[in-house]
>>> print(open('work-v5.txt').read())   # compact mmCIF, C-alpha atoms
# COMPACT_ATOMS: atom_id res chain seq x y z
CA MET P 14 82.27 99.51 113.78
CA ALA P 15 85.42 99.66 111.69
CA LEU P 16 85.99 102.81 109.63
CA HIS P 17 85.45 101.13 106.27
CA THR P 18 82.26 99.27 107.14
CA ARG P 19 80.36 101.88 109.13
CA ASP P 20 77.66 104.00 107.49
CA GLY P 21 79.33 106.59 105.30
CA GLY P 22 82.80 105.10 105.55
CA LEU P 23 85.58 107.67 105.80
CA VAL P 24 87.38 110.51 104.09
CA MET P 25 91.10 109.74 104.13
CA PRO P 26 93.16 112.75 102.95
CA ASN P 27 96.75 112.38 101.80
CA ALA P 28 99.57 114.21 103.55
CA TRP P 29 102.98 114.95 102.04
CA ASP P 30 105.07 116.00 105.05
CA GLY P 31 104.94 116.21 108.82
CA LEU P 32 103.18 119.56 109.01
CA SER P 33 100.49 118.68 106.48
CA ALA P 34 99.82 115.47 108.43
CA LEU P 35 99.52 117.42 111.68
CA MET P 36 97.12 119.90 110.08
CA LEU P 37 94.90 117.05 108.90
CA ALA P 38 94.96 115.48 112.35
CA ASP P 39 94.17 118.85 113.93
CA ALA P 40 91.18 119.17 111.59
CA GLY P 41 89.75 115.96 113.02
CA PHE P 42 90.38 113.37 110.31
CA GLU P 43 90.47 109.84 111.70
CA ALA P 44 92.99 108.39 109.24
CA ILE P 45 95.41 109.74 106.66
CA ALA P 46 97.37 108.37 103.74
CA THR P 47 100.61 109.02 101.96
CA SER P 48 100.60 110.07 98.30
CA SER P 49 103.29 108.54 96.14
CA ALA P 50 102.91 111.41 93.66
CA ALA P 51 103.21 114.13 96.28
CA LEU P 52 106.10 112.38 98.01
CA ALA P 53 107.96 112.00 94.72
CA ALA P 54 107.38 115.68 93.91
CA THR P 55 108.78 116.80 97.26
CA LEU P 56 111.93 114.82 96.42
CA GLY P 57 112.13 116.27 92.90
CA ARG P 58 111.36 112.93 91.26
CA ALA P 59 108.70 111.40 89.02
CA ASP P 60 105.89 109.26 90.39
CA GLY P 61 105.31 105.72 89.18
CA ARG P 62 108.78 105.26 87.71
CA HIS P 63 110.48 103.49 90.63
CA GLU P 64 112.40 106.67 91.46
CA VAL P 65 111.37 106.62 95.14
CA THR P 66 112.64 103.66 97.13
CA ARG P 67 110.68 101.46 99.47
CA GLY P 68 112.86 102.59 102.37
CA GLU P 69 112.22 106.25 101.64
CA HIS P 70 108.47 105.75 101.51
CA LEU P 71 108.45 103.67 104.67
CA ALA P 72 110.42 106.34 106.55
CA HIS P 73 107.98 108.97 105.29
CA ALA P 74 104.94 106.95 106.39
CA ARG P 75 106.47 106.28 109.81
CA LEU P 76 106.99 110.01 110.30
CA LEU P 77 103.33 110.77 109.54
CA GLY P 78 102.16 108.09 111.96
CA ARG P 79 104.56 109.10 114.73
CA LEU P 80 103.58 112.76 114.56
CA THR P 81 99.83 112.28 114.40
CA GLY P 82 99.08 108.99 116.12
CA LEU P 83 96.60 108.34 113.29
CA PRO P 84 96.28 105.21 111.17
CA VAL P 85 98.37 105.71 108.02
CA ASN P 86 97.64 104.05 104.69
CA GLY P 87 100.68 103.75 102.44
CA ASP P 88 100.20 104.55 98.73
CA PHE P 89 102.95 102.13 97.79
CA GLU P 90 102.73 102.13 93.98
CA ASP P 91 103.27 98.59 92.62
CA GLY P 92 104.64 97.24 95.89
CA TYR P 93 108.27 98.14 95.17
CA GLY P 94 109.61 95.09 93.42
CA ASP P 95 109.61 92.98 90.28
CA THR P 96 108.14 89.82 91.79
CA PRO P 97 105.25 88.82 94.07
CA GLU P 98 107.88 87.91 96.65
CA ASP P 99 109.15 91.49 96.55
CA VAL P 100 105.61 92.72 97.18
CA ALA P 101 105.32 90.39 100.16
CA ALA P 102 108.56 91.81 101.57
CA THR P 103 107.17 95.32 101.19
CA VAL P 104 104.00 94.38 103.04
CA GLU P 105 106.01 92.78 105.85
CA ALA P 106 108.14 95.92 106.11
CA ALA P 107 104.99 98.07 106.21
CA VAL P 108 103.59 95.97 109.05
CA GLU P 109 106.85 96.27 110.96
CA SER P 110 106.79 100.03 110.39
CA GLY P 111 103.37 100.33 112.01
CA LEU P 112 101.33 101.18 108.92
CA ALA P 113 97.62 100.47 109.11
CA GLY P 114 97.09 99.98 105.38
CA ILE P 115 98.92 99.53 102.11
CA GLY P 116 97.89 99.91 98.49
CA ILE P 117 99.22 97.70 95.70
CA GLU P 118 98.71 98.87 92.10
CA ASP P 119 98.78 96.89 88.87
CA THR P 120 101.21 99.42 87.38
CA SER P 121 104.63 98.41 86.09
CA GLY P 122 106.71 101.59 86.04
CA ASN P 123 107.28 100.97 82.32
CA PRO P 124 105.71 103.77 80.22
CA ASP P 125 105.61 101.50 77.17
CA GLN P 126 103.48 98.93 79.03
CA PRO P 127 102.21 100.71 82.14
CA ILE P 128 99.65 98.09 83.27
CA ARG P 129 100.75 94.60 84.25
CA ASP P 130 99.22 91.52 82.71
CA PHE P 131 96.13 90.26 84.49
CA ASP P 132 97.67 87.16 86.06
CA ASP P 133 100.76 89.05 87.22
CA ALA P 134 98.62 91.75 88.82
CA ILE P 135 96.45 89.23 90.66
CA ASN P 136 99.43 87.22 91.88
CA ARG P 137 100.99 90.36 93.34
CA VAL P 138 97.86 91.28 95.27
CA ARG P 139 97.47 87.67 96.46
CA SER P 140 101.08 87.73 97.67
CA ALA P 141 100.39 90.98 99.53
CA VAL P 142 97.31 89.50 101.20
CA ASN P 143 99.16 86.35 102.23
CA ALA P 144 101.99 88.41 103.71
CA ALA P 145 99.58 90.73 105.50
CA LYS P 146 98.05 87.89 107.53
CA ARG P 147 95.25 90.27 108.49
CA ARG P 148 97.68 92.58 110.29
CA ILE P 149 97.28 95.41 107.77
CA VAL P 150 94.58 96.52 105.33
CA VAL P 151 95.44 95.64 101.73
CA THR P 152 93.98 97.76 98.93
CA GLY P 153 94.02 96.24 95.45
CA ARG P 154 94.18 98.96 92.82
CA THR P 155 93.98 99.03 89.04
CA ASP P 156 95.16 102.11 87.16
CA ASN P 157 93.47 101.31 83.85
CA PHE P 158 91.71 104.68 83.67
CA LEU P 159 94.77 106.65 84.74
CA GLN P 160 96.91 104.94 82.11
CA GLY P 161 94.63 105.54 79.12
CA ARG P 162 92.87 102.17 79.19
CA PRO P 163 89.16 103.10 79.49
CA ASP P 164 88.01 99.50 79.74
CA LEU P 165 85.34 99.25 82.42
CA ASP P 166 84.87 95.50 81.94
CA ASP P 167 88.57 94.78 82.45
CA THR P 168 88.65 97.14 85.42
CA ILE P 169 85.79 95.30 87.10
CA ARG P 170 87.38 91.96 86.20
CA ARG P 171 90.61 93.00 87.89
CA LEU P 172 88.93 94.44 90.98
CA THR P 173 86.76 91.34 91.36
CA ALA P 174 89.84 89.14 91.12
CA PHE P 175 91.62 91.31 93.72
CA ALA P 176 88.67 90.78 96.06
CA GLU P 177 88.73 87.04 95.43
CA ALA P 178 92.46 87.09 96.23
CA GLY P 179 91.59 88.61 99.60
CA ALA P 180 92.04 92.36 99.15
CA ASP P 181 90.20 94.31 101.84
CA VAL P 182 89.54 97.46 99.78
CA LEU P 183 89.32 98.02 96.02
CA TYR P 184 90.32 101.08 94.04
CA ALA P 185 90.25 102.26 90.42
CA PRO P 186 91.13 105.96 90.21
CA TYR P 187 88.93 108.17 88.03
CA PRO P 188 86.21 106.01 86.49
CA PRO P 189 84.73 108.02 83.63
CA ASP P 190 81.41 108.91 85.27
CA LEU P 191 79.02 108.15 88.09
CA ASP P 192 77.41 105.25 86.22
CA ALA P 193 80.80 103.55 85.91
CA LEU P 194 81.52 104.14 89.59
CA VAL P 195 78.19 102.63 90.61
CA ALA P 196 78.85 99.67 88.32
CA ILE P 197 82.15 99.07 90.09
CA VAL P 198 80.67 99.38 93.57
CA THR P 199 77.84 97.01 92.66
CA ALA P 200 80.07 94.43 90.99
CA VAL P 201 82.50 94.06 93.89
CA ALA P 202 80.06 94.38 96.81
CA PRO P 203 80.40 93.91 99.72
CA THR P 204 84.11 94.78 99.48
CA PRO P 205 84.61 98.50 100.26
CA VAL P 206 85.57 100.75 97.34
CA ASN P 207 87.90 103.75 97.50
CA VAL P 208 87.42 106.65 95.10
CA LEU P 209 90.01 109.29 94.28
CA ILE P 210 88.07 112.55 94.69
CA SER P 211 85.32 111.70 92.17
CA PRO P 212 84.62 110.23 88.73
CA ALA P 213 86.60 111.90 85.96
CA ASP P 214 83.73 113.94 84.54
CA LYS P 215 82.49 115.75 87.63
CA VAL P 216 83.58 116.47 91.18
CA LEU P 217 80.84 115.26 93.51
CA THR P 218 80.23 115.96 97.17
CA VAL P 219 81.12 113.54 99.92
CA ALA P 220 77.40 112.90 100.44
CA GLU P 221 76.88 112.09 96.75
CA LEU P 222 79.77 109.64 96.75
CA GLN P 223 78.46 108.00 99.90
CA LYS P 224 75.04 107.65 98.28
CA ALA P 225 76.75 105.87 95.37
CA GLY P 226 78.12 103.32 97.85
CA VAL P 227 81.70 104.57 98.14
CA LYS P 228 83.23 103.64 101.48
CA ARG P 229 86.53 105.54 101.35
CA ILE P 230 87.42 108.84 99.69
CA SER P 231 91.06 109.76 99.17
CA LEU P 232 92.56 112.88 97.59
CA GLY P 233 95.88 111.70 96.18
CA PRO P 234 98.14 114.70 95.52
CA ALA P 235 95.23 117.18 95.34
CA LEU P 236 95.89 118.90 98.66
CA TYR P 237 99.58 119.13 97.78
CA THR P 238 98.85 120.71 94.41
CA HIS P 239 96.39 123.07 96.10
CA ALA P 240 99.18 124.21 98.43
CA MET P 241 101.60 124.53 95.52
CA GLU P 242 99.11 126.74 93.66
CA ALA P 243 99.02 129.03 96.70
CA LEU P 244 102.81 129.15 96.56
CA ARG P 245 102.71 129.93 92.85
CA GLN P 246 100.39 132.85 93.46
CA ALA P 247 102.63 134.10 96.27
CA THR P 248 105.71 133.97 94.04
CA LYS P 249 103.86 135.88 91.31
CA ALA P 250 103.04 138.57 93.85
CA LEU P 251 106.66 138.63 94.99
CA VAL P 252 107.92 139.08 91.43
CA ALA P 253 105.47 141.99 91.10
CA GLY P 254 106.88 143.57 94.26
CA ASP P 255 103.84 142.82 96.44
CA LEU P 256 105.43 141.72 99.71
CA THR P 257 102.15 141.76 101.65
CA THR P 258 100.41 139.20 99.43
CA ALA P 259 103.57 137.12 99.11
CA THR P 260 104.04 136.78 102.86
CA THR P 261 100.46 136.39 104.11
CA GLY P 262 99.85 132.94 105.54
CA MET P 263 99.72 130.77 108.62
CA SER P 264 101.72 132.14 111.53
CA PHE P 265 104.86 130.28 112.46
CA GLU P 266 103.64 130.31 116.04
CA HIS P 267 100.74 128.11 114.96
CA ILE P 268 103.13 125.84 113.07
CA SER P 269 105.28 125.56 116.19
CA ASP P 270 102.22 124.70 118.27
CA LEU P 271 101.25 121.94 115.83
CA LEU P 272 104.76 120.51 115.82
CA ALA P 273 104.93 120.59 119.62
CA HIS P 274 101.60 118.78 119.86
CA GLY P 275 102.73 116.16 117.39
CA THR P 276 105.60 114.67 119.34
CA ASN P 277 105.42 111.39 121.25
CA GLN P 278 102.05 110.34 119.90
CA PRO P 279 100.74 106.82 120.65
CA GLN P 280 101.04 103.99 118.18
CA PRO P 281 98.49 104.36 115.33
CA ALA P 282 95.40 102.17 115.50
CA PRO P 283 94.47 99.85 112.63
CA LEU P 284 92.41 101.28 109.79
CA LEU P 285 90.07 98.32 109.72
CA THR P 286 89.11 95.57 112.13
CA HIS P 287 89.48 92.26 110.35
CA SER P 288 87.11 90.55 112.76
CA SER P 289 84.21 92.44 111.18
CA GLN P 290 82.41 89.99 108.94
CA VAL P 291 80.23 91.02 106.00
CA GLU P 292 78.57 88.24 104.04
CA GLY P 293 81.28 85.78 104.96
CA ARG P 294 84.27 88.02 104.06
CA SER P 295 86.51 90.05 106.31
CA THR P 296 86.17 93.72 105.36
>>> encode(input="work-v5.txt", output="structure tokens")
Amino acid sequence: MALHTRDGGLVMPNAWDGLSALMLADAGFEAIATSSAALAATLGRADGRHEVTRGEHLAHARLLGRLTGLPVNGDFEDGYGDTPEDVAATVEAAVESGLAGIGIEDTSGNPDQPIRDFDDAINRVRSAVNAAKRRIVVTGRTDNFLQGRPDLDDTIRRLTAFAEAGADVLYAPYPPDLDALVAIVTAVAPTPVNVLISPADKVLTVAELQKAGVKRISLGPALYTHAMEALRQATKALVAGDLTTATTGMSFEHISDLLAHGTNQPQPAPLLTHSSQVEGRST
């Protein structure tokens, strides 16, 4: 059974560099994702403002896949382009780069109007699906809640339209609470739903999210920010003269072992088998 349609679905953590990807693979995760926010931060740039190029993100995703041999889902913002045709070109490039999945948001990169008009957003996802030709998993994502638009009805309307356009997975980061999450899952069934960590009001367990019907759990930049907090604490200790606390961490021998294990991995497998049929739709 494909990862998205099996009982429980999957947890798909987001890596930000080669070593973090190898650590996730070593921990036993079956698939990983990029994080546009974490990638942008590592480059000293802002997320969601078209400051990272398609080529840079593709190279980053290829690295994660080559090192781990795992399916990699690309968190590709709005699809890197002004038009639906640009989105299609991005999807084609992702397929050629060996990615197993790609996410397309309804964001615009314009802080004055961060969410695209409904028809524009749907056309972009439809273009992505048509370009994918079932060779790569397409996630249709609306960022209403992230962009200060707490409109559950419009969020469900957009996700439903993404599903009707052929999106394989649906995603609306940080619905306000569990009731809203369940409403989303119910409205778009049987299409699998991804959740970013949890609803906005409370962090739930994996089991609780699975009980709510979530099929994929991603972490966005959370693991990256967790690591950066550890670095912040180490630098505070260093400023205070505490060399022991500042330099306690994973041994470089272990890092070297992970890097040595990560070379020459096989081609990543697809995230989702499109031949799996659920109620007449490929999922």
>>> residues_around(input="work-v5.txt", residues="Asp99 of chain P", least_positions_apart="5", cutoff="10 Å", atoms="all atoms listed in the file", output="CSV table (one decimal) with C-alpha atoms, in the frame of the given file")
chain,number,residue,atom,x,y,z
P,92,GLY,CA,104.6,97.2,95.9
P,93,TYR,CA,108.3,98.1,95.2
P,94,GLY,CA,109.6,95.1,93.4
P,104,VAL,CA,104.0,94.4,103.0
P,105,GLU,CA,106.0,92.8,105.8
P,137,ARG,CA,101.0,90.4,93.3
P,140,SER,CA,101.1,87.7,97.7
P,141,ALA,CA,100.4,91.0,99.5
>>> residues_near_point(input="work-v5.txt", point="(85.6, 99.4, 105.6)", cutoff="7 Å", atoms="all atoms listed in the file", output="ChimeraX atom specification")
/P:15-19,22,205,228,285,296
>>> residues_around(input="work-v5.txt", residues="Glu118 of chain P", least_positions_apart="4", cutoff="9 Å", atoms="only C-alpha atoms", output="PyMOL selection string")
chain P and resi 88-92+128+134+137-138+152-156+184
>>> closest_residue(input="work-v5.txt", among="P:Arg147, P:Pro188, P:Pro203, P:Leu172", to="Gly226 of chain P", atoms="only C-alpha atoms")
P:Pro203
>>> residues_near_point(input="work-v5.txt", point="(95.3, 96.0, 101.8)", cutoff="7 Å", atoms="all atoms listed in the file", output="ChimeraX atom specification")
/P:114-116,142,149-153,180-182
>>> write_last_selection(input="work-v5.txt", atoms="C-alpha atoms", output="PDB file, in the frame of the given file")
ATOM      1  CA  GLY P 114      97.090  99.980 105.380  1.00  0.00           C
ATOM      2  CA  ILE P 115      98.920  99.530 102.110  1.00  0.00           C
ATOM      3  CA  GLY P 116      97.890  99.910  98.490  1.00  0.00           C
ATOM      4  CA  VAL P 142      97.310  89.500 101.200  1.00  0.00           C
ATOM      5  CA  ILE P 149      97.280  95.410 107.770  1.00  0.00           C
ATOM      6  CA  VAL P 150      94.580  96.520 105.330  1.00  0.00           C
ATOM      7  CA  VAL P 151      95.440  95.640 101.730  1.00  0.00           C
ATOM      8  CA  THR P 152      93.980  97.760  98.930  1.00  0.00           C
ATOM      9  CA  GLY P 153      94.020  96.240  95.450  1.00  0.00           C
ATOM     10  CA  ALA P 180      92.040  92.360  99.150  1.00  0.00           C
ATOM     11  CA  ASP P 181      90.200  94.310 101.840  1.00  0.00           C
ATOM     12  CA  VAL P 182      89.540  97.460  99.780  1.00  0.00           C
TER      13      VAL P 182
END
>>> atom_distance(input="work-v5.txt", atom1="atom CA of Leu32 of chain P", atom2="atom CA of Glu69 of chain P")
17.7 Å
>>> atom_distance(input="work-v5.txt", atom1="atom CA of Ile169 of chain P", atom2="atom CA of Ala235 of chain P")
25.2 Å
>>> atom_distance(input="work-v5.txt", atom1="atom CA of Asp119 of chain P", atom2="atom CA of Gly61 of chain P")
11.0 Å
>>> closest_residue(input="work-v5.txt", among="P:Leu71, P:Ala54, P:Val24, P:Val219", to="Tyr237 of chain P", atoms="all atoms listed in the file")
P:Ala54
>>> residues_around(input="work-v5.txt", residues="segment 39-45 of chain P", least_positions_apart="2", cutoff="6 Å", atoms="only C-alpha atoms", output="PyMOL selection string")
chain P and resi 25-27+35-37+83-85
>>> closest_residue(input="work-v5.txt", among="P:Val108, P:Thr120, P:Thr103, P:Ala59", to="Lys146 of chain P", atoms="all atoms listed in the file")
P:Val108
>>> closest_residue(input="work-v5.txt", among="P:Arg162, P:Arg139, P:Arg129, P:His73", to="Leu112 of chain P", atoms="only C-alpha atoms")
P:His73
>>> residues_around(input="work-v5.txt", residues="Ala102 of chain P", least_positions_apart="4", cutoff="8 Å", atoms="only C-alpha atoms", output="MDAnalysis selection string")
chainID P and resid 98 106 144
